[in-house]
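Student: A single structure is presented below for examination.
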Amino acid sequence: MKIKTKNFTIYTPENMSRFGSFEISENVDWGYSGGLVFSGKTLVDYDGVYFFPKEIADGLKREGYTIEKSIQPV
């Protein structure tokens, strides 16, 4: 599934995979992307950024995902 937020495109796992990703999607001179690891509908890990963006967490929650307590969105 593809989830769009103001600045990001989030890709959640498909076909029984545990892995998703995110990328900055708006018109910027720089960009970044990263990986997401899920256990069912819970985000359990991420990579690609030091601080996990709150906007991505909010986008996931809006679509029924939960965020493991050890991940503190900023």
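Chain identifiers are assigned as A, B, and so on, following the order in which chains appear in the structure tokens; residues are numbered from 1 within each chain, and ligands are numbered from 1 in order of appearance.
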If you run DSSP on the backbone here, which positions in segment 36-71 of chain A get alpha helix (DSSP H)? Please write them as a ChimeraX atom specification.

Tutor: /A:54-62

Student: Would you kindly return, as a PyMOL selection string, each protein, DNA or RNA residue with an atom no farther than 9 Å from any atom of Ile3 of chain A, considering only C-alpha atoms and excluding same-chain residues fewer than 3 positions away?

Tutor: chain A and resi 8-12+59-60+63

Student: List the neighbours of segment 35-47 of chain A out to 8 Å using only C-alpha atoms; skip same-chain residues closer than 3 positions along the sequence, and give me the result as a compact mmCIF listing (two decimals) with C-alpha atoms, in the first residue's frame.

Tutor:
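Result file is selection.txt:
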```txt
# COMPACT_ATOMS: atom_id res chain seq x y z
CA THR A 12 3.90 -0.61 3.50
CA PRO A 13 4.60 -4.35 3.08
CA ARG A 18 7.89 -7.52 6.52
CA PHE A 19 9.64 -4.66 4.76
CA GLY A 20 8.42 -1.27 3.61
CA SER A 21 10.07 2.05 2.88
CA PHE A 22 9.61 5.81 2.79
CA TYR A 50 18.56 9.24 12.89
CA PHE A 52 12.00 8.98 12.97
CA GLY A 64 -4.38 1.59 11.10
CA TYR A 65 -0.72 0.82 11.85
CA THR A 66 0.83 1.06 15.30
CA ILE A 67 4.33 2.16 16.26
CA GLU A 68 6.41 0.11 18.71
CA ILE A 71 10.36 4.26 18.40
```

Student: With distances taken over only C-alpha atoms, which residue among A:Glu23, A:Met1, A:Lys69, A:Asn15 lies nearest Ile56 of chain A?

Tutor: A:Glu23

Student: Atom CA of Gln72 of chain A to atom CA of Asp58 of chain A: how many Å, to one decimal?

Tutor: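 Here the two named atoms are 11.9 Å from each other.
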
Student: Check chain A with DSSP on the backbone and list each residue it calls strand (DSSP E), as JSON, numbers by chain.

Tutor: {"A": [2, 3, 4, 8, 9, 10, 11, 19, 20, 21, 22, 23, 24, 33, 34, 35, 36, 37, 38, 39, 42, 43, 44, 45, 46, 47, 66, 67]}

Student: Keeping N, CA and C atoms for every residue in the selection just given, could you write it to a file as a PDB file, in the first residue's frame?

Tutor:
```
ATOM      1  N   LYS A   2       0.478   2.247  -0.703  1.00  0.00           N
ATOM      2  CA  LYS A   2       1.195   3.518  -0.740  1.00  0.00           C
ATOM      3  C   LYS A   2       0.394   4.543   0.060  1.00  0.00           C
ATOM      4  N   ILE A   3       1.053   5.188   1.021  1.00  0.00           N
ATOM      5  CA  ILE A   3       0.437   6.217   1.858  1.00  0.00           C
ATOM      6  C   ILE A   3       1.136   7.536   1.545  1.00  0.00           C
ATOM      7  N   LYS A   4       0.365   8.556   1.232  1.00  0.00           N
ATOM      8  CA  LYS A   4       0.917   9.881   0.947  1.00  0.00           C
ATOM      9  C   LYS A   4       0.653  10.803   2.135  1.00  0.00           C
ATOM     10  N   PHE A   8       5.941  13.093   2.432  1.00  0.00           N
ATOM     11  CA  PHE A   8       6.490  11.752   2.270  1.00  0.00           C
ATOM     12  C   PHE A   8       5.554  10.834   1.495  1.00  0.00           C
ATOM     13  N   THR A   9       6.163   9.842   0.861  1.00  0.00           N
ATOM     14  CA  THR A   9       5.434   8.696   0.344  1.00  0.00           C
ATOM     15  C   THR A   9       5.925   7.501   1.150  1.00  0.00           C
ATOM     16  N   ILE A  10       4.985   6.764   1.722  1.00  0.00           N
ATOM     17  CA  ILE A  10       5.287   5.621   2.575  1.00  0.00           C
ATOM     18  C   ILE A  10       4.776   4.369   1.874  1.00  0.00           C
ATOM     19  N   TYR A  11       5.628   3.358   1.795  1.00  0.00           N
ATOM     20  CA  TYR A  11       5.245   2.089   1.189  1.00  0.00           C
ATOM     21  C   TYR A  11       5.201   1.026   2.280  1.00  0.00           C
ATOM     22  N   PHE A  19       8.875  -5.864   5.028  1.00  0.00           N
ATOM     23  CA  PHE A  19       9.639  -4.658   4.760  1.00  0.00           C
ATOM     24  C   PHE A  19       8.861  -3.645   3.930  1.00  0.00           C
ATOM     25  N   GLY A  20       8.989  -2.383   4.340  1.00  0.00           N
ATOM     26  CA  GLY A  20       8.420  -1.271   3.609  1.00  0.00           C
ATOM     27  C   GLY A  20       9.497  -0.209   3.472  1.00  0.00           C
ATOM     28  N   SER A  21       9.097   0.973   3.031  1.00  0.00           N
ATOM     29  CA  SER A  21      10.068   2.047   2.879  1.00  0.00           C
ATOM     30  C   SER A  21       9.356   3.391   2.893  1.00  0.00           C
ATOM     31  N   PHE A  22      10.151   4.454   2.905  1.00  0.00           N
ATOM     32  CA  PHE A  22       9.609   5.806   2.792  1.00  0.00           C
ATOM     33  C   PHE A  22      10.583   6.644   1.994  1.00  0.00           C
ATOM     34  N   GLU A  23      10.060   7.694   1.395  1.00  0.00           N
ATOM     35  CA  GLU A  23      10.906   8.643   0.677  1.00  0.00           C
ATOM     36  C   GLU A  23      10.264  10.011   0.751  1.00  0.00           C
ATOM     37  N   ILE A  24      11.118  11.023   0.716  1.00  0.00           N
ATOM     38  CA  ILE A  24      10.584  12.376   0.669  1.00  0.00           C
ATOM     39  C   ILE A  24      10.009  12.558  -0.729  1.00  0.00           C
ATOM     40  N   SER A  33      15.572   8.756   1.903  1.00  0.00           N
ATOM     41  CA  SER A  33      14.646   7.637   1.970  1.00  0.00           C
ATOM     42  C   SER A  33      15.148   6.693   3.053  1.00  0.00           C
ATOM     43  N   GLY A  34      14.331   5.728   3.379  1.00  0.00           N
ATOM     44  CA  GLY A  34      14.726   4.777   4.405  1.00  0.00           C
ATOM     45  C   GLY A  34      13.846   3.550   4.377  1.00  0.00           C
ATOM     46  N   GLY A  35      14.223   2.598   5.189  1.00  0.00           N
ATOM     47  CA  GLY A  35      13.492   1.345   5.268  1.00  0.00           C
ATOM     48  C   GLY A  35      12.618   1.269   6.504  1.00  0.00           C
ATOM     49  N   LEU A  36      11.575   0.472   6.400  1.00  0.00           N
ATOM     50  CA  LEU A  36      10.655   0.236   7.503  1.00  0.00           C
ATOM     51  C   LEU A  36      10.520  -1.276   7.693  1.00  0.00           C
ATOM     52  N   VAL A  37      10.493  -1.728   8.945  1.00  0.00           N
ATOM     53  CA  VAL A  37      10.332  -3.149   9.245  1.00  0.00           C
ATOM     54  C   VAL A  37       9.076  -3.300  10.094  1.00  0.00           C
ATOM     55  N   PHE A  38       8.195  -4.195   9.670  1.00  0.00           N
ATOM     56  CA  PHE A  38       6.914  -4.405  10.338  1.00  0.00           C
ATOM     57  C   PHE A  38       6.797  -5.817  10.891  1.00  0.00           C
ATOM     58  N   SER A  39       6.029  -5.932  11.934  1.00  0.00           N
ATOM     59  CA  SER A  39       5.556  -7.215  12.431  1.00  0.00           C
ATOM     60  C   SER A  39       4.039  -7.098  12.409  1.00  0.00           C
ATOM     61  N   THR A  42       2.406  -3.530  12.952  1.00  0.00           N
ATOM     62  CA  THR A  42       3.180  -2.727  13.892  1.00  0.00           C
ATOM     63  C   THR A  42       4.561  -2.447  13.314  1.00  0.00           C
ATOM     64  N   LEU A  43       4.936  -1.171  13.280  1.00  0.00           N
ATOM     65  CA  LEU A  43       6.282  -0.786  12.876  1.00  0.00           C
ATOM     66  C   LEU A  43       7.221  -1.118  14.026  1.00  0.00           C
ATOM     67  N   VAL A  44       8.235  -1.967  13.767  1.00  0.00           N
ATOM     68  CA  VAL A  44       9.141  -2.392  14.826  1.00  0.00           C
ATOM     69  C   VAL A  44      10.560  -1.859  14.661  1.00  0.00           C
ATOM     70  N   ASP A  45      10.910  -1.357  13.458  1.00  0.00           N
ATOM     71  CA  ASP A  45      12.253  -0.830  13.251  1.00  0.00           C
ATOM     72  C   ASP A  45      12.258   0.038  11.988  1.00  0.00           C
ATOM     73  N   TYR A  46      13.276   0.849  11.852  1.00  0.00           N
ATOM     74  CA  TYR A  46      13.441   1.696  10.672  1.00  0.00           C
ATOM     75  C   TYR A  46      14.918   1.967  10.474  1.00  0.00           C
ATOM     76  N   ASP A  47      15.280   2.417   9.284  1.00  0.00           N
ATOM     77  CA  ASP A  47      16.645   2.874   9.040  1.00  0.00           C
ATOM     78  C   ASP A  47      16.613   4.006   8.015  1.00  0.00           C
ATOM     79  N   THR A  66       0.352   0.603  14.005  1.00  0.00           N
ATOM     80  CA  THR A  66       0.827   1.061  15.304  1.00  0.00           C
ATOM     81  C   THR A  66       2.348   1.172  15.250  1.00  0.00           C
ATOM     82  N   ILE A  67       2.894   1.927  16.180  1.00  0.00           N
ATOM     83  CA  ILE A  67       4.333   2.161  16.255  1.00  0.00           C
ATOM     84  C   ILE A  67       4.828   1.563  17.570  1.00  0.00           C
TER      85      ILE A  67
END
```

Student: Calculate how many Å separate atom CA of Lys6 of chain A from atom CA of Glu55 of chain A, rounding to one decimal.

Tutor: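 A separation of 8.1 Å between them.
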
Student: To one decimal in Å, tell me the separation between atom CA of Tyr32 of chain A and atom CA of Pro53 of chain A.

Tutor: 11.7 Å
